[in-house]
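Peer 1: Here it is, the structure, as structure tokens.
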Amino acid sequence: MAKHQMTIDINAPVETVFTHLDDAEFAKQWIGGLDSMEVLTEGGNRVGAKTKHIYIENGRTIEMLEETLVYEPDKKVKIYGKTDGFELTVQYELEAIATGTRLHYEAETNMTSFMMKLMSVIINHSSNNKTHEDLNRLKSLIEN
């Protein structure tokens, strides 16, 4: 299992940052490779909400089923995702600071297939770089 953490400060109030994190259409603007999202449960984003995300990376289509594990508006969201070869748990935690919001990101990845385990060092390095790019894109979009 691999863990990755990152913290970024965004010059906007916690409520604004959370609203953007919670917006499915906005997610396609800042999450690299995210092509579409299909809501599988009714009732909006909440604990137990399920979605299917389609990512396109390096010409490959990746389908990931995701479920919201924790949903605390303006505070924290934790999501579990599963696809062929790996499982992913991602948490976003928001903290009010003098200049806006400090966003704490934490992800745990568990490779479930033999091939993914073999490639895990390369995949984890690439994933860390992607996270850095995505969160900086989020910051830029919200601040501008």
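In the structure tokens, chains take the letters A, B, ... in the order shown, each chain's residues start at 1, and ligands count up from 1 in the order shown.
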Could you give me, as a list in words, the residues within 12 Å of Thr99 (chain A), counting only C-alpha atoms and dropping anything in the same chain fewer than 2 positions from it?

Peer 2: Ile8, Asp9, Ile10, Asn11, Ala12, Pro13, Val14, Glu95, Ala96, Ile97, Thr101, Arg102 and Glu143 of chain A

Peer 1: Using only C-alpha atoms, which residues sit within 12 Å of Arg60 (chain A) once same-chain residues fewer than 4 positions away are excluded, as a PyMOL selection string?

Peer 2: chain A and resi 33-35+54-56

Peer 1: To one decimal place, how far is CA of Phe18 (chain A) from CA of Met111 (chain A) in Å?

Peer 2: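 For CA of Phe18 (chain A) relative to CA of Met111 (chain A), the distance reads 29.2 Å.
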
Peer 1: For Pro73 (chain A), which residue out of A:Thr19, A:Asn58, A:Thr109, A:Gln91 is the nearest one, using only C-alpha atoms?

Peer 2: A:Thr19

Peer 1: Taking the backbone alone, and naming residues the way the document does, which bits of chain A are strand (DSSP E) by DSSP, as a ChimeraX atom specification?

Peer 2: /A:2-10,34-39,50-57,60-72,76-83,86-97,100-111

Peer 1: Emit the selected residues as a PDB file, in the first residue's frame, including C-alpha atoms.

Peer 2:
ATOM      1  CA  ALA A   2       1.301   3.421  -0.949  1.00  0.00           C
ATOM      2  CA  LYS A   3       0.443   6.686   0.784  1.00  0.00           C
ATOM      3  CA  HIS A   4       0.689  10.175  -0.624  1.00  0.00           C
ATOM      4  CA  GLN A   5       0.025  13.452   1.181  1.00  0.00           C
ATOM      5  CA  MET A   6       0.021  17.028   0.009  1.00  0.00           C
ATOM      6  CA  THR A   7      -1.067  20.344   1.496  1.00  0.00           C
ATOM      7  CA  ILE A   8      -1.865  23.436  -0.523  1.00  0.00           C
ATOM      8  CA  ASP A   9      -3.093  26.890   0.498  1.00  0.00           C
ATOM      9  CA  ILE A  10      -5.877  28.412  -1.594  1.00  0.00           C
ATOM     10  CA  LEU A  34     -11.297  12.778 -15.922  1.00  0.00           C
ATOM     11  CA  ASP A  35     -13.602  12.457 -18.917  1.00  0.00           C
ATOM     12  CA  SER A  36     -17.015  11.893 -17.359  1.00  0.00           C
ATOM     13  CA  MET A  37     -18.919  11.015 -14.203  1.00  0.00           C
ATOM     14  CA  GLU A  38     -22.152   9.075 -13.923  1.00  0.00           C
ATOM     15  CA  VAL A  39     -24.152   9.330 -10.694  1.00  0.00           C
ATOM     16  CA  LYS A  50     -21.814   6.156  -5.657  1.00  0.00           C
ATOM     17  CA  THR A  51     -20.527   7.344  -9.005  1.00  0.00           C
ATOM     18  CA  LYS A  52     -18.768   5.861 -11.991  1.00  0.00           C
ATOM     19  CA  HIS A  53     -15.814   7.904 -13.208  1.00  0.00           C
ATOM     20  CA  ILE A  54     -14.297   7.471 -16.650  1.00  0.00           C
ATOM     21  CA  TYR A  55     -10.663   8.508 -17.026  1.00  0.00           C
ATOM     22  CA  ILE A  56      -8.684   8.627 -20.237  1.00  0.00           C
ATOM     23  CA  GLU A  57      -4.960   8.257 -19.646  1.00  0.00           C
ATOM     24  CA  ARG A  60      -6.586   4.026 -22.317  1.00  0.00           C
ATOM     25  CA  THR A  61     -10.056   4.266 -20.824  1.00  0.00           C
ATOM     26  CA  ILE A  62     -10.209   3.505 -17.120  1.00  0.00           C
ATOM     27  CA  GLU A  63     -13.536   2.999 -15.372  1.00  0.00           C
ATOM     28  CA  MET A  64     -13.547   3.558 -11.613  1.00  0.00           C
ATOM     29  CA  LEU A  65     -16.455   2.977  -9.257  1.00  0.00           C
ATOM     30  CA  GLU A  66     -16.357   5.432  -6.366  1.00  0.00           C
ATOM     31  CA  GLU A  67     -18.232   5.676  -3.076  1.00  0.00           C
ATOM     32  CA  THR A  68     -18.293   8.570  -0.623  1.00  0.00           C
ATOM     33  CA  LEU A  69     -17.211   7.331   2.816  1.00  0.00           C
ATOM     34  CA  VAL A  70     -17.142  10.646   4.716  1.00  0.00           C
ATOM     35  CA  TYR A  71     -19.030  13.793   3.782  1.00  0.00           C
ATOM     36  CA  GLU A  72     -18.779  16.779   6.124  1.00  0.00           C
ATOM     37  CA  LYS A  76     -13.883  16.810   4.936  1.00  0.00           C
ATOM     38  CA  VAL A  77     -14.638  14.382   2.117  1.00  0.00           C
ATOM     39  CA  LYS A  78     -13.290  10.846   1.872  1.00  0.00           C
ATOM     40  CA  ILE A  79     -13.843   8.689  -1.200  1.00  0.00           C
ATOM     41  CA  TYR A  80     -13.077   5.045  -1.982  1.00  0.00           C
ATOM     42  CA  GLY A  81     -12.481   4.044  -5.582  1.00  0.00           C
ATOM     43  CA  LYS A  82     -11.977   0.668  -7.213  1.00  0.00           C
ATOM     44  CA  THR A  83     -10.946  -0.335 -10.693  1.00  0.00           C
ATOM     45  CA  PHE A  86      -6.054  -1.150  -7.760  1.00  0.00           C
ATOM     46  CA  GLU A  87      -8.093   0.444  -5.000  1.00  0.00           C
ATOM     47  CA  LEU A  88      -7.786   4.052  -3.932  1.00  0.00           C
ATOM     48  CA  THR A  89      -8.923   5.997  -0.884  1.00  0.00           C
ATOM     49  CA  VAL A  90      -8.690   9.788  -1.139  1.00  0.00           C
ATOM     50  CA  GLN A  91      -9.401  12.329   1.583  1.00  0.00           C
ATOM     51  CA  TYR A  92      -9.696  16.105   1.276  1.00  0.00           C
ATOM     52  CA  GLU A  93      -9.697  18.024   4.543  1.00  0.00           C
ATOM     53  CA  LEU A  94     -10.233  21.790   4.638  1.00  0.00           C
ATOM     54  CA  GLU A  95      -8.895  24.142   7.290  1.00  0.00           C
ATOM     55  CA  ALA A  96      -9.619  27.865   7.553  1.00  0.00           C
ATOM     56  CA  ILE A  97      -6.465  29.996   7.654  1.00  0.00           C
ATOM     57  CA  GLY A 100      -8.242  31.461   2.954  1.00  0.00           C
ATOM     58  CA  THR A 101      -8.139  27.658   3.032  1.00  0.00           C
ATOM     59  CA  ARG A 102      -5.480  25.072   3.703  1.00  0.00           C
ATOM     60  CA  LEU A 103      -6.409  21.910   1.793  1.00  0.00           C
ATOM     61  CA  HIS A 104      -4.932  18.680   3.116  1.00  0.00           C
ATOM     62  CA  TYR A 105      -4.921  15.824   0.614  1.00  0.00           C
ATOM     63  CA  GLU A 106      -4.184  12.221   1.503  1.00  0.00           C
ATOM     64  CA  ALA A 107      -4.390   9.156  -0.724  1.00  0.00           C
ATOM     65  CA  GLU A 108      -3.765   5.470  -0.140  1.00  0.00           C
ATOM     66  CA  THR A 109      -3.377   3.155  -3.101  1.00  0.00           C
ATOM     67  CA  ASN A 110      -3.511  -0.610  -2.909  1.00  0.00           C
ATOM     68  CA  MET A 111      -2.440  -2.543  -6.001  1.00  0.00           C
TER      69      MET A 111
END

Peer 1: Calculated over only C-alpha atoms, which of the candidates A:Arg137, A:Gly59, A:Asn45, A:Gly85 has the smallest distance to Asp23 (chain A)?

Peer 2: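 Using only C-alpha atoms, Asp23 (chain A) sits closest to A:Asn45.
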
Peer 1: So which residues of region 21-141 of chain A fall under helix (DSSP H, G or I) by DSSP, listed as a short mmCIF file (atom, residue, chain, number, x, y, z; two decimals) with N, CA and C atoms, in the first residue's frame?

Peer 2:
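Saved as result27.cif:
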data_model
loop_
_atom_site.label_atom_id
_atom_site.label_comp_id
_atom_site.auth_asym_id
_atom_site.auth_seq_id
_atom_site.Cartn_x
_atom_site.Cartn_y
_atom_site.Cartn_z
N LEU A 21 -14.89 21.65 -4.81
CA LEU A 21 -14.55 20.22 -4.66
C LEU A 21 -15.77 19.34 -4.86
N ALA A 24 -19.32 18.22 -9.59
CA ALA A 24 -18.89 17.19 -10.54
C ALA A 24 -18.41 17.80 -11.87
N GLU A 25 -19.12 18.80 -12.37
CA GLU A 25 -18.71 19.40 -13.64
C GLU A 25 -17.38 20.14 -13.50
N PHE A 26 -17.20 20.81 -12.36
CA PHE A 26 -15.94 21.51 -12.12
C PHE A 26 -14.78 20.53 -11.99
N ALA A 27 -15.05 19.34 -11.46
CA ALA A 27 -13.99 18.33 -11.29
C ALA A 27 -13.31 18.02 -12.61
N LYS A 28 -14.07 18.02 -13.71
CA LYS A 28 -13.49 17.71 -15.02
C LYS A 28 -12.50 18.78 -15.46
N GLN A 29 -12.58 19.97 -14.86
CA GLN A 29 -11.65 21.05 -15.21
C GLN A 29 -10.31 20.92 -14.50
N TRP A 30 -10.29 20.31 -13.32
CA TRP A 30 -9.04 20.30 -12.57
C TRP A 30 -8.44 18.91 -12.38
N PHE A 114 -1.35 -8.55 -9.96
CA PHE A 114 0.08 -8.85 -10.02
C PHE A 114 0.81 -7.82 -10.90
N MET A 115 0.24 -7.52 -12.06
CA MET A 115 0.88 -6.58 -12.99
C MET A 115 0.99 -5.18 -12.36
N MET A 116 -0.04 -4.75 -11.70
CA MET A 116 -0.01 -3.43 -11.06
C MET A 116 1.02 -3.40 -9.93
N LYS A 117 1.14 -4.49 -9.20
CA LYS A 117 2.14 -4.57 -8.13
C LYS A 117 3.54 -4.45 -8.72
N LEU A 118 3.78 -5.09 -9.86
CA LEU A 118 5.08 -5.00 -10.51
C LEU A 118 5.41 -3.56 -10.94
N SER A 120 4.16 -0.82 -9.59
CA SER A 120 3.73 0.13 -8.55
C SER A 120 4.68 1.31 -8.34
N VAL A 121 5.97 1.10 -8.42
CA VAL A 121 6.91 2.21 -8.20
C VAL A 121 6.71 3.29 -9.26
N ILE A 122 6.60 2.88 -10.51
CA ILE A 122 6.40 3.83 -11.61
C ILE A 122 5.03 4.50 -11.49
N ILE A 123 4.01 3.69 -11.21
CA ILE A 123 2.65 4.22 -11.10
C ILE A 123 2.54 5.21 -9.95
N ASN A 124 3.10 4.87 -8.80
CA ASN A 124 3.02 5.77 -7.65
C ASN A 124 3.74 7.08 -7.90
N HIS A 125 4.90 7.04 -8.56
CA HIS A 125 5.62 8.27 -8.89
C HIS A 125 4.79 9.14 -9.83
N SER A 126 4.23 8.52 -10.85
CA SER A 126 3.39 9.24 -11.81
C SER A 126 2.16 9.82 -11.13
N SER A 127 1.55 9.05 -10.25
CA SER A 127 0.36 9.49 -9.53
C SER A 127 0.66 10.68 -8.63
N ASN A 128 1.81 10.67 -7.96
CA ASN A 128 2.20 11.80 -7.11
C ASN A 128 2.38 13.07 -7.94
N ASN A 129 3.00 12.94 -9.11
CA ASN A 129 3.16 14.10 -9.99
C ASN A 129 1.80 14.63 -10.46
N LYS A 130 0.90 13.71 -10.82
CA LYS A 130 -0.43 14.08 -11.28
C LYS A 130 -1.19 14.81 -10.17
N THR A 131 -1.11 14.31 -8.95
CA THR A 131 -1.78 14.95 -7.82
C THR A 131 -1.29 16.38 -7.64
N HIS A 132 0.01 16.56 -7.71
CA HIS A 132 0.59 17.90 -7.58
C HIS A 132 0.03 18.82 -8.66
N GLU A 133 0.00 18.35 -9.90
CA GLU A 133 -0.54 19.15 -11.01
C GLU A 133 -2.02 19.45 -10.81
N ASP A 134 -2.78 18.42 -10.44
CA ASP A 134 -4.23 18.60 -10.25
C ASP A 134 -4.54 19.61 -9.16
N LEU A 135 -3.89 19.49 -8.01
CA LEU A 135 -4.19 20.40 -6.90
C LEU A 135 -3.75 21.83 -7.21
N ASN A 136 -2.65 21.98 -7.93
CA ASN A 136 -2.24 23.32 -8.34
C ASN A 136 -3.21 23.91 -9.37
N ARG A 137 -3.76 23.06 -10.24
CA ARG A 137 -4.77 23.49 -11.20
C ARG A 137 -6.04 23.93 -10.45
N LEU A 138 -6.44 23.16 -9.44
CA LEU A 138 -7.60 23.50 -8.62
C LEU A 138 -7.40 24.89 -7.98
N LYS A 139 -6.23 25.08 -7.39
CA LYS A 139 -5.89 26.35 -6.74
C LYS A 139 -6.00 27.50 -7.75
N SER A 140 -5.41 27.33 -8.90
CA SER A 140 -5.42 28.37 -9.93
C SER A 140 -6.84 28.69 -10.41
N LEU A 141 -7.64 27.66 -10.66
CA LEU A 141 -9.01 27.88 -11.12
C LEU A 141 -9.86 28.59 -10.07
#

Peer 1: For Val17 (chain A), which residue out of A:Val47, A:Asp84, A:Ala98, A:Lys75 is the nearest one, using only C-alpha atoms?

Peer 2: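 Of all the options, A:Lys75 lies closest to Val17 (chain A).
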